[in-house]
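Asks: Below is the file model-v4.txt, with compact mmCIF, C-alpha atoms.
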# COMPACT_ATOMS: atom_id res chain seq x y z
CA MET A 1 8.99 -7.18 9.03
CA LYS A 2 5.16 -7.08 9.01
CA ARG A 3 3.47 -7.65 11.75
CA VAL A 4 -7.75 8.00 3.48
CA TYR A 5 -26.31 24.84 2.20
CA LEU A 6 -29.35 25.32 2.19
CA PHE A 7 -30.66 27.49 5.04
CA SER A 8 -34.38 27.07 5.35
CA VAL A 9 -35.41 24.95 8.34
CA VAL A 10 -36.37 21.99 6.18
CA SER A 11 -33.38 22.15 3.88
CA LEU A 12 -30.98 22.58 6.80
CA MET A 13 -32.30 19.35 8.35
CA ILE A 14 -31.89 17.56 5.02
CA SER A 15 -28.34 18.87 4.60
CA LEU A 16 -27.33 17.74 8.06
CA ASN A 17 -28.76 14.29 7.46
CA CYS A 18 -26.88 13.96 4.17
CA ALA A 19 -23.61 15.07 5.72
CA CYS A 20 -23.91 12.23 8.19
CA THR A 21 -25.07 9.50 5.84
CA GLY A 22 -23.52 10.41 2.50
CA SER A 23 -26.95 9.92 0.83
CA LYS A 24 -28.62 11.77 -2.04
CA THR A 25 -31.50 14.23 -1.69
CA THR A 26 -33.36 16.52 -4.12
CA ASP A 27 -34.64 20.07 -3.92
CA SER A 28 -37.51 21.42 -5.97
CA GLU A 29 -35.44 22.10 -9.09
CA ASN A 30 -32.55 19.67 -9.29
CA GLU A 31 -30.71 16.94 -7.45
CA VAL A 32 -28.29 18.00 -4.74
CA VAL A 33 -25.74 15.34 -3.89
CA THR A 34 -23.99 15.38 -0.52
CA SER A 35 -21.44 12.63 -0.82
CA THR A 36 -19.08 11.94 2.03
CA TYR A 37 -17.18 9.14 3.70
CA VAL A 38 -15.22 8.58 6.90
CA ASN A 39 -12.11 6.64 7.79
CA PRO A 40 -11.37 3.87 8.40
CA LEU A 41 -12.82 2.22 5.30
CA LEU A 42 -12.86 -1.17 7.09
CA ASP A 43 -12.35 -2.12 10.73
CA ARG A 44 -9.30 -4.21 9.81
CA GLY A 45 -7.03 -4.31 6.79
CA PRO A 46 -3.23 -3.98 6.86
CA ASP A 47 -1.20 -3.24 3.71
CA PRO A 48 -4.12 -1.88 1.63
CA TRP A 49 -3.83 -1.79 -2.15
CA ALA A 50 -6.22 -0.46 -4.79
CA ILE A 51 -6.27 0.01 -8.55
CA PHE A 52 -8.88 1.72 -10.75
CA HIS A 53 -9.47 -0.10 -14.04
CA ASN A 54 -12.25 0.48 -16.58
CA GLY A 55 -14.58 2.12 -14.07
CA THR A 56 -14.00 -0.34 -11.24
CA TYR A 57 -11.76 -0.27 -8.17
CA TYR A 58 -10.09 -3.53 -7.22
CA TYR A 59 -8.86 -3.73 -3.64
CA MET A 60 -6.79 -6.17 -1.57
CA HIS A 61 -5.15 -6.30 1.86
CA THR A 62 -3.23 -8.82 3.94
CA MET A 63 -5.39 -11.77 5.03
CA GLN A 64 -2.49 -14.06 6.10
CA ASP A 65 -3.90 -17.41 4.89
CA SER A 66 -5.60 -16.51 1.60
CA LEU A 67 -5.96 -13.84 -1.07
CA VAL A 68 -9.26 -11.96 -1.22
CA LEU A 69 -10.25 -9.50 -3.93
CA TRP A 70 -12.83 -6.72 -3.52
CA ARG A 71 -14.44 -4.75 -6.35
CA THR A 72 -16.56 -1.61 -6.26
CA SER A 73 -17.33 1.59 -8.16
CA ASP A 74 -16.86 3.49 -4.87
CA ILE A 75 -13.56 2.80 -3.13
CA THR A 76 -14.81 4.58 0.01
CA ASP A 77 -17.64 2.04 0.36
CA LEU A 78 -15.56 -1.10 0.85
CA ARG A 79 -17.90 -2.29 3.60
CA ASN A 80 -20.52 -2.97 0.93
CA ALA A 81 -18.18 -4.06 -1.87
CA GLU A 82 -18.40 -7.44 -3.56
CA LYS A 83 -15.53 -9.70 -2.58
CA LYS A 84 -14.18 -13.08 -3.59
CA THR A 85 -11.48 -15.41 -2.31
CA VAL A 86 -9.28 -15.91 -5.37
CA TRP A 87 -6.44 -17.99 -3.90
CA VAL A 88 -5.96 -20.43 -1.05
CA PRO A 89 -2.44 -21.91 -1.12
CA THR A 90 -1.83 -25.64 -0.67
CA ASP A 91 1.91 -25.87 -1.36
CA GLU A 92 3.74 -26.01 1.98
CA SER A 93 6.56 -23.81 0.65
CA ASN A 94 4.25 -20.79 0.28
CA LYS A 95 1.20 -21.63 2.37
CA TYR A 96 1.75 -19.28 5.30
CA HIS A 97 1.92 -15.56 6.15
CA LEU A 98 0.57 -14.22 2.86
CA TRP A 99 1.46 -10.53 2.99
CA ALA A 100 0.77 -7.36 1.02
CA PRO A 101 -1.03 -8.64 -2.10
CA GLU A 102 -1.30 -6.33 -5.10
CA ILE A 103 -3.29 -6.84 -8.31
CA HIS A 104 -1.99 -5.38 -11.60
CA ASN A 105 -3.32 -5.43 -15.16
CA LEU A 106 -0.51 -5.95 -17.65
CA ASP A 107 -1.16 -6.41 -21.37
CA GLY A 108 -4.76 -7.34 -20.68
CA LYS A 109 -3.96 -10.02 -18.11
CA TRP A 110 -4.27 -9.86 -14.34
CA TYR A 111 -1.37 -10.57 -12.01
CA ILE A 112 -1.36 -10.76 -8.22
CA TYR A 113 1.95 -10.29 -6.42
CA TYR A 114 2.35 -11.29 -2.79
CA ALA A 115 4.86 -12.67 -0.28
CA ALA A 116 4.54 -16.00 1.55
CA ASP A 117 6.63 -18.54 3.43
CA ASP A 118 6.75 -22.14 4.68
CA GLY A 119 5.76 -21.26 8.22
CA ASN A 120 9.07 -19.60 9.06
CA THR A 121 8.83 -15.87 8.36
CA ASP A 122 12.58 -15.77 7.70
CA ASN A 123 11.84 -17.68 4.49
CA HIS A 124 9.52 -15.14 2.86
CA GLN A 125 9.68 -15.02 -0.92
CA LEU A 126 7.71 -13.28 -3.68
CA TYR A 127 5.10 -15.13 -5.74
CA VAL A 128 2.94 -14.20 -8.70
CA LEU A 129 -0.43 -15.48 -9.96
CA GLU A 130 -1.91 -14.94 -13.42
CA ASN A 131 -5.52 -14.72 -14.65
CA VAL A 132 -5.98 -14.30 -18.41
CA ASN A 133 -9.67 -13.37 -18.09
CA ALA A 134 -10.57 -9.73 -18.73
CA ASP A 135 -12.59 -9.80 -15.51
CA PRO A 136 -10.47 -10.88 -12.51
CA PHE A 137 -13.63 -12.14 -10.77
CA GLU A 138 -14.01 -14.66 -13.59
CA GLY A 139 -11.66 -17.41 -14.67
CA ASN A 140 -8.95 -18.65 -12.32
CA PHE A 141 -5.72 -17.31 -10.93
CA GLU A 142 -2.92 -19.76 -11.68
CA MET A 143 0.50 -19.88 -10.03
CA LYS A 144 3.20 -18.53 -12.34
CA GLY A 145 5.83 -19.24 -9.71
CA ARG A 146 8.27 -17.65 -7.33
CA ILE A 147 10.12 -14.54 -8.43
CA SER A 148 13.80 -15.22 -7.79
CA THR A 149 15.21 -11.89 -6.62
CA ASP A 150 18.86 -12.91 -6.14
CA LYS A 151 21.10 -15.98 -6.36
CA ASP A 152 21.06 -16.51 -2.59
CA ASN A 153 17.25 -16.37 -2.37
CA ASN A 154 17.33 -13.70 0.30
CA TRP A 155 14.13 -12.72 2.10
CA ALA A 156 11.84 -10.67 -0.17
CA ILE A 157 8.40 -9.07 0.42
CA ASP A 158 6.18 -6.23 -0.82
CA GLY A 159 6.70 -6.47 -4.57
CA SER A 160 5.18 -3.71 -6.70
CA LEU A 161 5.47 -3.01 -10.43
CA PHE A 162 5.53 0.08 -12.65
CA GLU A 163 6.34 0.98 -16.24
CA ASN A 164 8.68 3.74 -17.38
CA ASN A 165 9.88 4.53 -20.89
CA GLY A 166 8.61 1.22 -22.23
CA LYS A 167 10.28 -0.88 -19.53
CA LEU A 168 8.69 -2.81 -16.69
CA TYR A 169 10.28 -2.57 -13.23
CA MET A 170 9.69 -4.20 -9.87
CA VAL A 171 10.52 -2.69 -6.48
CA TRP A 172 10.44 -4.64 -3.24
CA SER A 173 11.80 -4.96 0.29
CA GLY A 174 14.54 -7.50 0.95
CA TRP A 175 17.56 -8.49 2.96
CA GLN A 176 21.11 -7.95 1.77
CA THR A 177 22.10 -11.10 3.67
CA ARG A 178 20.21 -13.52 5.88
CA ARG A 179 19.50 -12.30 9.39
CA VAL A 180 21.81 -13.43 12.18
CA ASP A 181 21.02 -11.17 15.14
CA THR A 182 19.94 -7.97 13.36
CA GLU A 183 17.43 -7.73 10.52
CA THR A 184 17.82 -4.95 7.95
CA GLN A 185 15.17 -4.50 5.29
CA CYS A 186 16.20 -2.55 2.19
CA ILE A 187 14.45 -1.30 -0.95
CA TYR A 188 15.52 -2.93 -4.22
CA ILE A 189 14.68 -2.37 -7.87
CA ALA A 190 15.13 -4.56 -10.95
CA GLU A 191 13.97 -4.53 -14.54
CA MET A 192 11.51 -7.28 -15.47
CA ALA A 193 11.94 -9.65 -18.43
CA ASN A 194 8.23 -10.44 -18.11
CA PRO A 195 5.64 -10.06 -15.33
CA TRP A 196 6.98 -13.08 -13.42
CA THR A 197 10.75 -12.97 -14.08
CA LEU A 198 13.46 -10.44 -13.27
CA GLY A 199 15.48 -9.30 -16.27
CA SER A 200 18.35 -7.72 -14.35
CA GLU A 201 20.26 -8.04 -11.11
CA ARG A 202 18.65 -6.45 -8.09
CA VAL A 203 19.88 -2.93 -7.24
CA LEU A 204 19.75 -1.50 -3.72
CA ILE A 205 18.31 2.03 -3.71
CA SER A 206 17.54 2.57 -0.02
CA LYS A 207 18.43 1.16 3.37
CA PRO A 208 17.35 2.34 6.85
CA GLU A 209 20.11 4.75 7.74
CA LEU A 210 18.38 7.93 8.92
CA GLU A 211 17.25 8.30 12.54
CA TRP A 212 13.53 8.32 11.70
CA GLU A 213 13.93 5.08 9.69
CA ARG A 214 15.43 3.12 12.58
CA HIS A 215 12.79 3.15 15.33
CA HIS A 216 12.44 -0.49 16.34
CA LYS A 217 11.21 -0.26 19.92
CA ASN A 218 7.67 0.39 21.08
CA GLU A 219 8.04 1.73 24.61
CA LYS A 220 4.45 0.76 25.45
CA GLY A 221 3.93 -2.47 23.57
CA TRP A 222 5.27 -5.61 21.92
CA ASN A 223 8.78 -5.71 20.49
CA PRO A 224 10.65 -8.38 18.50
CA SER A 225 13.38 -10.32 20.30
CA TYR A 226 16.04 -8.92 17.97
CA THR A 227 16.81 -5.56 16.37
CA VAL A 228 14.92 -4.82 13.15
CA TYR A 229 15.61 -1.85 10.88
CA VAL A 230 12.90 -1.35 8.28
CA ASN A 231 12.48 -0.03 4.74
CA GLU A 232 9.48 -1.77 3.17
CA GLY A 233 6.26 -1.38 1.18
CA PRO A 234 7.68 0.58 -1.81
CA GLN A 235 4.95 2.21 -3.93
CA PRO A 236 5.74 3.91 -7.27
CA LEU A 237 4.09 7.23 -8.10
CA LYS A 238 4.75 9.12 -11.35
CA SER A 239 4.42 12.89 -10.97
CA PRO A 240 1.58 14.55 -12.92
CA ASN A 241 3.90 16.51 -15.19
CA GLY A 242 5.87 13.37 -15.97
CA LYS A 243 9.11 14.68 -14.50
CA TYR A 244 9.76 12.18 -11.70
CA ILE A 245 9.26 8.63 -10.56
CA HIS A 246 8.64 8.82 -6.82
CA ILE A 247 8.68 5.74 -4.61
CA ALA A 248 6.95 6.09 -1.26
CA TYR A 249 8.18 3.52 1.25
CA SER A 250 7.50 2.66 4.87
CA ALA A 251 10.21 2.96 7.51
CA SER A 252 10.67 1.98 11.18
CA GLY A 253 8.88 -0.91 12.85
CA VAL A 254 5.24 -1.42 11.95
CA TRP A 255 4.67 -2.49 15.57
CA THR A 256 5.63 1.05 16.69
CA PRO A 257 3.70 4.32 16.34
CA TYR A 258 6.72 5.70 14.45
CA TYR A 259 5.98 3.76 11.26
CA ALA A 260 6.09 6.48 8.58
CA LEU A 261 6.52 7.14 4.87
CA GLY A 262 9.68 8.31 3.18
CA LEU A 263 10.15 9.24 -0.48
CA LEU A 264 12.72 8.16 -3.07
CA THR A 265 12.86 10.21 -6.27
CA ALA A 266 14.46 9.81 -9.70
CA LYS A 267 13.98 11.67 -12.97
CA VAL A 268 12.01 9.63 -15.49
CA GLY A 269 14.83 9.87 -18.06
CA ASP A 270 17.57 8.71 -15.70
CA ASN A 271 18.91 5.17 -15.38
CA LEU A 272 16.62 3.78 -12.70
CA LEU A 273 19.02 0.89 -12.08
CA ASP A 274 21.75 3.32 -11.00
CA PRO A 275 21.53 3.99 -7.24
CA ALA A 276 22.95 7.47 -7.88
CA SER A 277 19.75 8.35 -9.78
CA TRP A 278 17.72 8.18 -6.57
CA THR A 279 17.50 10.77 -3.80
CA LYS A 280 15.85 10.22 -0.41
CA SER A 281 13.71 12.59 1.61
CA LYS A 282 15.53 13.79 4.71
CA GLU A 283 12.39 13.59 6.83
CA PRO A 284 9.20 11.55 6.68
CA VAL A 285 6.64 12.77 4.15
CA PHE A 286 3.70 11.22 6.06
CA ARG A 287 3.72 10.24 9.71
CA GLN A 288 1.63 9.74 12.87
CA ASP A 289 -0.37 12.60 14.33
CA PRO A 290 -1.13 11.98 18.02
CA SER A 291 -3.34 15.10 18.12
CA ALA A 292 -5.60 13.40 15.56
CA GLY A 293 -5.37 10.01 17.26
CA VAL A 294 -3.69 8.37 14.27
CA TYR A 295 -0.57 6.22 14.73
CA GLY A 296 1.69 3.98 12.66
CA THR A 297 0.77 5.46 9.27
CA GLY A 298 2.25 3.46 6.42
CA HIS A 299 2.27 0.67 3.87
CA ASN A 300 0.30 2.71 1.38
CA SER A 301 -0.82 2.64 -2.22
CA PHE A 302 -2.18 5.32 -4.54
CA PHE A 303 -5.29 5.71 -6.65
CA MET A 304 -7.05 8.42 -8.63
CA SER A 305 -10.65 9.58 -8.47
CA PRO A 306 -13.04 8.09 -11.05
CA ASP A 307 -12.81 11.25 -13.18
CA SER A 308 -8.98 11.30 -12.93
CA THR A 309 -8.88 14.79 -11.42
CA GLU A 310 -7.79 13.90 -7.86
CA TYR A 311 -4.99 11.86 -6.29
CA TYR A 312 -5.54 9.75 -3.18
CA ILE A 313 -3.26 7.97 -0.75
CA LEU A 314 -4.55 4.70 0.73
CA TYR A 315 -2.72 3.62 3.90
CA HIS A 316 -3.13 1.70 7.11
CA ALA A 317 -2.97 3.15 10.62
CA ARG A 318 -4.02 2.48 14.20
CA ASP A 319 -6.14 4.49 16.61
CA THR A 320 -3.76 3.72 19.49
CA GLN A 321 0.01 3.53 19.92
CA VAL A 322 -0.27 -0.23 20.42
CA ASP A 323 -2.82 -2.89 19.58
CA PRO A 324 -5.18 -3.24 22.56
CA GLU A 325 -4.73 -6.56 24.33
CA GLY A 326 -7.05 -9.18 22.91
CA GLN A 327 -7.93 -7.07 19.86
CA GLY A 328 -5.45 -8.65 17.44
CA ASP A 329 -4.05 -6.60 14.57
CA THR A 330 -6.00 -3.32 14.55
CA ARG A 331 -4.39 -1.73 11.50
CA SER A 332 -7.19 -0.38 9.31
CA PRO A 333 -7.30 1.07 5.77
CA ARG A 334 -7.81 4.81 5.35
CA ALA A 335 -7.89 7.09 2.30
CA GLN A 336 -7.43 10.80 1.85
CA LYS A 337 -6.79 13.22 -0.99
CA PHE A 338 -3.35 14.72 -1.57
CA THR A 339 -1.94 17.44 -3.81
CA TRP A 340 1.25 18.30 -5.68
CA ASP A 341 3.62 21.23 -5.22
CA GLU A 342 5.07 23.40 -7.98
CA ASN A 343 8.15 21.13 -8.18
CA ASP A 344 6.16 17.96 -8.99
CA PHE A 345 6.47 16.51 -5.49
CA PRO A 346 3.50 15.05 -3.60
CA VAL A 347 2.13 16.88 -0.56
CA PHE A 348 0.43 14.32 1.68
CA GLY A 349 -0.26 16.57 4.66
CA LYS A 350 -1.23 14.96 7.95
CA PRO A 351 -3.37 11.86 8.56
CA LEU A 352 -6.94 12.96 9.17
CA PRO A 353 -8.84 12.01 12.34
CA ARG A 354 -11.07 8.98 12.46
CA ASP A 355 -14.73 9.68 11.57
CA LYS A 356 -14.01 13.08 9.99
CA GLN A 357 -16.46 13.70 7.14
CA LEU A 358 -14.59 13.78 3.82
CA SER A 359 -15.82 14.37 0.31
CA LYS A 360 -15.88 11.26 -1.83
CA PRO A 361 -13.42 11.14 -4.76
CA SER A 362 -14.60 13.31 -7.63
CA GLY A 363 -16.77 11.45 -10.11
CA THR A 364 -17.89 8.77 -7.64
CA LYS A 365 -21.34 7.44 -8.48
Would you put the structure from the file into structure tokens?
Replies:
Amino acid sequence: MKRVYLFSVVSLMISLNCACTGSKTTDSENEVVTSTYVNPLLDRGPDPWAIFHNGTYYYMHTMQDSLVLWRTSDITDLRNAEKKTVWVPTDESNKYHLWAPEIHNLDGKWYIYYAADDGNTDNHQLYVLENVNADPFEGNFEMKGRISTDKDNNWAIDGSLFENNGKLYMVWSGWQTRRVDTETQCIYIAEMANPWTLGSERVLISKPELEWERHHKNEKGWNPSYTVYVNEGPQPLKSPNGKYIHIAYSASGVWTPYYALGLLTAKVGDNLLDPASWTKSKEPVFRQDPSAGVYGTGHNSFFMSPDSTEYYILYHARDTQVDPEGQGDTRSPRAQKFTWDENDFPVFGKPLPRDKQLSKPSGTK
């Protein structure tokens, strides 16, 4: 459920100014670049997604009533990025509550995956658009249709794709059966016949069963009228040595400060459609840090620096445990670098405080 010195007097002053502004300065012999950014990247932006393609970052987040695409050479400068509305739905069956859009380039064509409904959020389904133009800001996105995820058309959101061993897979969040009085969101995987059609039955690889995955009450804020257990927002991540396919996913209610990331892991050579191939982290791998003033960390994506030497996690979070009254949805996109341990597992660390000066991704121009 919806709801990242120089110590003369003059040079010291220049260095301090650059640290605050992220601008470029020169000394007498060569250019010294002090390049920094701060989180959040935008004031609002739930479910952030980014991809780096041919020197350009393409970015999207949930806008509810339309699909908007940003592009920039500097993902940390989204406030100044070019943006374009690429889709405004008119069909009543998928006109409302457009959630978690992602843009992918497959075989030279662009595809946007998103969830939408007919005005009743219980009827969310996955949809895909296609643009055959090499530049997604040119040409038009056309509806390829709804992705049927199971014969009963159960609720489905947060579709994401990845390739492994020459096969294309989709992972998403869905219901096993339609909600009666308790909603349970699970993570599913299926092989794709093509970018808009499943080529296998859906396979359940995770459901909210651990204590940290089942927080559904916000003691200080809004709560749904029924119990909701959440696994959602699956994001594939292949380890740098090519040993594992990791899937980061969000667990517990997004309306709570306990929204956090878990990790599913399978070996790249295993049968990814066998639930036994997947193991789940016993504890969250990325979660709120009240000491840093960051709450509800989740629904992430991943990107690399322009020179492909650094890995970054892009996620949304809040500055407070609940949305301040009258402020609307205050989830905002943030990015920060992460590393890998000796076993090929990601190390995300803790969410960094708002307004902390961070070095821009390596190779940013």
Asks: Please provide the set of residues having any atom within 8 Å of range 135-145 of chain A, restricted to all atoms listed in the file, with same-chain residues fewer than 3 positions apart removed, written as a list in words.
Replies: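 Contacts, with the query itself left out: Lys84, Val86, Trp87, Trp110, Tyr127, Val128, Leu129, Glu130, Asn131, Val132 and Trp196 of chain A.
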Asks: Could you write those residues out with C-alpha atoms, as an mmCIF file, in the frame of the given file?
Replies:
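File out32.cif, as written:
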data_model
loop_
_atom_site.group_PDB
_atom_site.id
_atom_site.type_symbol
_atom_site.label_atom_id
_atom_site.label_comp_id
_atom_site.auth_asym_id
_atom_site.auth_seq_id
_atom_site.Cartn_x
_atom_site.Cartn_y
_atom_site.Cartn_z
ATOM 1 C CA LYS A 84 -14.180 -13.080 -3.590
ATOM 2 C CA VAL A 86 -9.280 -15.910 -5.370
ATOM 3 C CA TRP A 87 -6.440 -17.990 -3.900
ATOM 4 C CA TRP A 110 -4.270 -9.860 -14.340
ATOM 5 C CA TYR A 127 5.100 -15.130 -5.740
ATOM 6 C CA VAL A 128 2.940 -14.200 -8.700
ATOM 7 C CA LEU A 129 -0.430 -15.480 -9.960
ATOM 8 C CA GLU A 130 -1.910 -14.940 -13.420
ATOM 9 C CA ASN A 131 -5.520 -14.720 -14.650
ATOM 10 C CA VAL A 132 -5.980 -14.300 -18.410
ATOM 11 C CA TRP A 196 6.980 -13.080 -13.420
#
Asks: Quick check, in Å to one decimal: how far apart do CA of Thr56 in chain A and CA of Pro240 in chain A lie?
Replies: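 Separation between CA of Thr56 in chain A and CA of Pro240 in chain A: 21.6 Å.
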Asks: State, in Å with one decimal place, the distance from CA of Leu273 in chain A to CA of Glu209 in chain A.
Replies: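 Taking CA of Leu273 in chain A as the start and CA of Glu209 in chain A as the end point, the length is 20.2 Å.
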Asks: Excluding Ser301 in chain A and any residue of its chain fewer than 5 positions from it, enumerate the residues within 8 Å of it, using all atoms listed in the file, and give them as a PyMOL selection string.
Replies: chain A and resi 48-50+235+313-315
Asks: Report the distance between CA of Ala156 in chain A and CA of Pro234 in chain A in Å, rounded to one decimal place.
Replies: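 Calculated distance between CA of Ala156 in chain A and CA of Pro234 in chain A is 12.1 Å.
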Asks: Which residue, A:Glu102, A:Val171, A:Lys356, A:Leu198, has the smallest gap to Thr149 in chain A when you use only C-alpha atoms?
Replies: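 So, comparing all the options, the nearest one is A:Leu198.
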Asks: Excluding Ser308 in chain A and its own-chain neighbours fewer than 3 positions away, which residues fall within 10 Å of it when counting all atoms listed in the file? Please give them as a ChimeraX atom specification.
Replies: /A:52,303-305,311,361-363
Asks: Any chance you could export the current selection's C-alpha atoms as a PDB file, in the frame of the given file?
Replies:
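What follows is the written file part27.pdb:
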ATOM      1  CA  PHE A  52      -8.880   1.720 -10.750  1.00  0.00           C
ATOM      2  CA  PHE A 303      -5.290   5.710  -6.650  1.00  0.00           C
ATOM      3  CA  MET A 304      -7.050   8.420  -8.630  1.00  0.00           C
ATOM      4  CA  SER A 305     -10.650   9.580  -8.470  1.00  0.00           C
ATOM      5  CA  TYR A 311      -4.990  11.860  -6.290  1.00  0.00           C
ATOM      6  CA  PRO A 361     -13.420  11.140  -4.760  1.00  0.00           C
ATOM      7  CA  SER A 362     -14.600  13.310  -7.630  1.00  0.00           C
ATOM      8  CA  GLY A 363     -16.770  11.450 -10.110  1.00  0.00           C
TER       9      GLY A 363
END
